[in-house]
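> I'd like to ask some things about the structure below.
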Amino acid sequence: MNAAGPASSDTPAPSDPATPTAVPAAGEAPAPAPATAPAAPVSAFAEEKAATERLLTGRTRIEAELAKVIVGQRVVVEQILISLLAGGHCLITGAPGLAKTLLVKSIAQVFHLNFRRIQFTPDLMPADVTGTEILQESGGERRMTFVRGPIFAHMLLADEINRTPPKTQAALLEAMQEHQVTAGGVRHALEEPFFVLATQNPIEMEGTYPLPEAQLDRFMFNVVMDYLPEDDEVRVVTQTTRGRGETIQPLFDGADVLRFHQLVRSVPIAEEMVRYAVRLASASRPRQAGTPGFINDWVNWGAGTRAGQFLVLGAKARALLQGRAFVSIDDLQALAAPTLRHRILLNYRAEAEGIRVDDVVQKLLATVKAPV
């Protein structure tokens with residue numbers, strides 16, 4: 001029934017049945033004109049296309065902005081950007097003085113993200129990371145108030161994470177996995193996007209606490225940062241000793257990063273590529289059916305299911321960064337080392353023979369048959 005009342009029986013039918021016209025009864029006011037229809041929402045495809053163009057056009061500018069303060073390390077920069085776009089956390093392994101902190105801070109500036117740094121030390125407590133409840137008086141009443149710790153940031157740099165005891169290291173586990181912090185039985189959500197980038201020094205092992213396997217598995221990549229070639233090191237010394245450096249201009253914001261996360265997950269990948277990623281991870285597990293002999297000889301523990309998940313996500317992000325709408329074998333193989341090197345635990349025999357984790361990964365790539 002029409003909202004304006006029933007139409008007269010002798011009223012002729014409207015010429016267009018798809019758009020009926022209400023006719024007021026005698027003595028009734030004419031029905032108000034229909035409101036203008038709201039604009040159609042932007043389609044998901046249009047949003048994805050706009051986000052893709054924004055990322056691709058911004059990639060060159062990202063490199064240009066980072067080049068103002070970071071010399072070389074192109075592979076390292078690419079792997080950290082991939083983990084950022086895929087929404088994963090990153091472990092950075094490198095000697096002191098290689099600008100790890102500067103690199104992470106510069107990436108946070110490019111994406112206009114709130115950045116915090118924690119220097120991990122043996123006396124650091126979990127509350128120093130997550131925050132704590134304190135007693136405050138307000139209006140004559142006393143109550144417990146939660147004071148947020150430095151973990152409440154978009155990008156957290158956990159500097160020298162292996163210098164603090166496991167109890168404090170574990171304070172990051174809930175935040176990394178659930179993107180929340182629990183204090184006093186109350187859950188406090190972290191603002192999105194949220195990333196943890198942790199550094200560890202591979203040289204000094206005295207007074208360190210190796211990260212447990214459960215926490216290592218939370219990191220998407222283990223990125224190795226090595227010394228620069230001589231020419232690049234000369235450029236670094238020249239730039240840093242002649243005055244103040246250039247200012248990095250922000251190109252994106254947190255909302256853009258969240259859109260990039262969705263965009264990465266929408267990149268298609270063939271089943272045979274996923275199966276290849278799974279086979280790479282499963283082939284690293286000793287004493288399993290079909291495990292290569294060198295894995296049984298050198299490995300105590302292999303990669304779990306998260307390795308395949310992160311390898312596929314990283315390959316999607318890498319394909320997107322290179323302007324492709326599909327994942328290739330090169331994407332998976334290029335990210336095999338940062339994905340697997342912290343998930344493979346070598347035994348004493350491998351150490352005695354001078355075998356490194358990266359050597360095992362390269363043998364896996366040469367052994368596991370890749371799809372054509």
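The way I read the labels, and the way they are meant: chains A, B, ... in the order of the structure tokens, residue 1 as the first residue of every chain, and ligand 1 as the first ligand shown, with later ones counted on from there.
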Please list as a ChimeraX atom specification every residue within 9 Å of segment 55-58 of chain A, counting only C-alpha atoms and excluding residues in the same chain fewer than 3 positions away.
/A:50-52,61-63,251-252,256,260,320-323
> Just write the chosen residues, N, CA and C atoms, as a CSV table (one decimal), in the first residue's frame.

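The file below, out.csv, is the result:
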```
chain,number,residue,atom,x,y,z
A,50,ALA,N,42.5,2.1,-7.1
A,50,ALA,CA,43.0,3.4,-6.6
A,50,ALA,C,44.2,3.1,-5.7
A,51,ALA,N,44.0,2.1,-4.7
A,51,ALA,CA,45.1,1.8,-3.8
A,51,ALA,C,46.3,1.3,-4.5
A,52,THR,N,46.1,0.4,-5.6
A,52,THR,CA,47.2,-0.1,-6.3
A,52,THR,C,48.0,1.0,-7.0
A,61,ARG,N,58.9,7.1,-5.1
A,61,ARG,CA,59.1,8.2,-4.2
A,61,ARG,C,59.6,7.7,-2.8
A,62,ILE,N,59.1,6.5,-2.4
A,62,ILE,CA,59.6,5.9,-1.2
A,62,ILE,C,61.1,5.7,-1.2
A,63,GLU,N,61.5,5.1,-2.4
A,63,GLU,CA,63.0,4.9,-2.5
A,63,GLU,C,63.7,6.2,-2.5
A,251,LEU,N,54.6,10.2,2.8
A,251,LEU,CA,53.9,10.0,1.6
A,251,LEU,C,52.6,9.3,1.8
A,252,PHE,N,52.4,8.6,2.9
A,252,PHE,CA,51.2,7.9,3.2
A,252,PHE,C,50.8,8.1,4.6
A,256,ASP,N,46.2,4.4,4.7
A,256,ASP,CA,46.8,3.8,3.5
A,256,ASP,C,47.4,2.4,3.7
A,260,PHE,N,46.6,-1.1,2.0
A,260,PHE,CA,47.6,-2.0,1.4
A,260,PHE,C,47.5,-3.4,1.9
A,320,LEU,N,53.2,-7.2,-5.9
A,320,LEU,CA,52.5,-5.9,-6.0
A,320,LEU,C,53.5,-4.8,-6.1
A,321,LEU,N,54.5,-4.8,-5.3
A,321,LEU,CA,55.5,-3.8,-5.4
A,321,LEU,C,56.2,-3.7,-6.7
A,322,GLN,N,56.3,-4.8,-7.4
A,322,GLN,CA,56.9,-4.8,-8.7
A,322,GLN,C,55.9,-4.6,-9.9
A,323,GLY,N,54.7,-4.3,-9.5
A,323,GLY,CA,53.7,-3.9,-10.5
A,323,GLY,C,53.1,-5.1,-11.2
```
> If we count only C-alpha atoms, what is near segment 118-131 of chain A at a cut-off of 12 Å, once residues fewer than 3 positions away on the same chain are taken out, given as a PyMOL selection string?
chain A and resi 101+115+134+145-153+155-176+179-184+187-190+196-201+206-209
> Neighbouring residues of segment 292-305 of chain A were defined as those with any atom within 12 Å, considering only C-alpha atoms; residues of the same chain fewer than 3 positions away were excluded. Please report them as a PyMOL selection string.
chain A and resi 213-214+216-218+220+274+277-289+308-312+336-337+339-357+359-368
> Any chance you could list, as a list in words, the residues in segment 187-279 of chain A that come up strand (DSSP E) when DSSP is run on the backbone?
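So, restricting segment 187-279 of chain A to strand (DSSP E), we get Arg187, His188, Ala189, Phe195, Val196, Leu197, Ala198, Thr199, Gln200, Phe219, Met220, Phe221, Asn222, Val223, Val224 and Met225 of chain A.
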> Grab the residues selected above and save them as an mmCIF file, in the first residue's frame with C-alpha atoms.

```
data_model
loop_
_atom_site.group_PDB
_atom_site.id
_atom_site.type_symbol
_atom_site.label_atom_id
_atom_site.label_comp_id
_atom_site.auth_asym_id
_atom_site.auth_seq_id
_atom_site.Cartn_x
_atom_site.Cartn_y
_atom_site.Cartn_z
ATOM 1 C CA ARG A 187 42.364 -5.786 27.508
ATOM 2 C CA HIS A 188 43.677 -2.689 25.792
ATOM 3 C CA ALA A 189 43.586 -2.733 21.992
ATOM 4 C CA PHE A 195 54.309 -3.499 13.717
ATOM 5 C CA VAL A 196 57.173 -4.769 15.810
ATOM 6 C CA LEU A 197 60.638 -4.526 14.333
ATOM 7 C CA ALA A 198 63.230 -6.065 16.612
ATOM 8 C CA THR A 199 67.003 -5.981 16.263
ATOM 9 C CA GLN A 200 69.556 -8.371 17.646
ATOM 10 C CA PHE A 219 58.270 -12.696 13.089
ATOM 11 C CA MET A 220 57.449 -12.796 9.414
ATOM 12 C CA PHE A 221 61.060 -12.248 8.286
ATOM 13 C CA ASN A 222 64.536 -12.399 9.734
ATOM 14 C CA VAL A 223 66.341 -9.754 7.684
ATOM 15 C CA VAL A 224 70.139 -9.862 7.736
ATOM 16 C CA MET A 225 71.840 -6.477 7.458
#
```
> Considering only C-alpha atoms, return as a CSV table (one decimal) with C-alpha atoms, in the first residue's frame whatever protein or nucleic-acid residues lie within 9 Å of Ala270 of chain A, sequence-local ones (same chain, fewer than 3 positions apart) excluded.

```csv
chain,number,residue,atom,x,y,z
A,273,MET,CA,52.6,-21.8,-6.1
A,274,VAL,CA,51.0,-22.3,-2.7
A,275,ARG,CA,51.9,-26.0,-2.8
A,326,PHE,CA,50.3,-12.5,-10.0
A,327,VAL,CA,52.9,-14.3,-7.9
```
> Any idea what the distance is between atom CA of Ile248 of chain A and atom CA of Glu65 of chain A?
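Interatomic distance, atom CA of Ile248 of chain A to atom CA of Glu65 of chain A: 5.7 Å.
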> In Å, how far is it from atom CA of Val76 of chain A to atom CA of Arg318 of chain A?
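Interatomic distance, atom CA of Val76 of chain A to atom CA of Arg318 of chain A: 12.9 Å.
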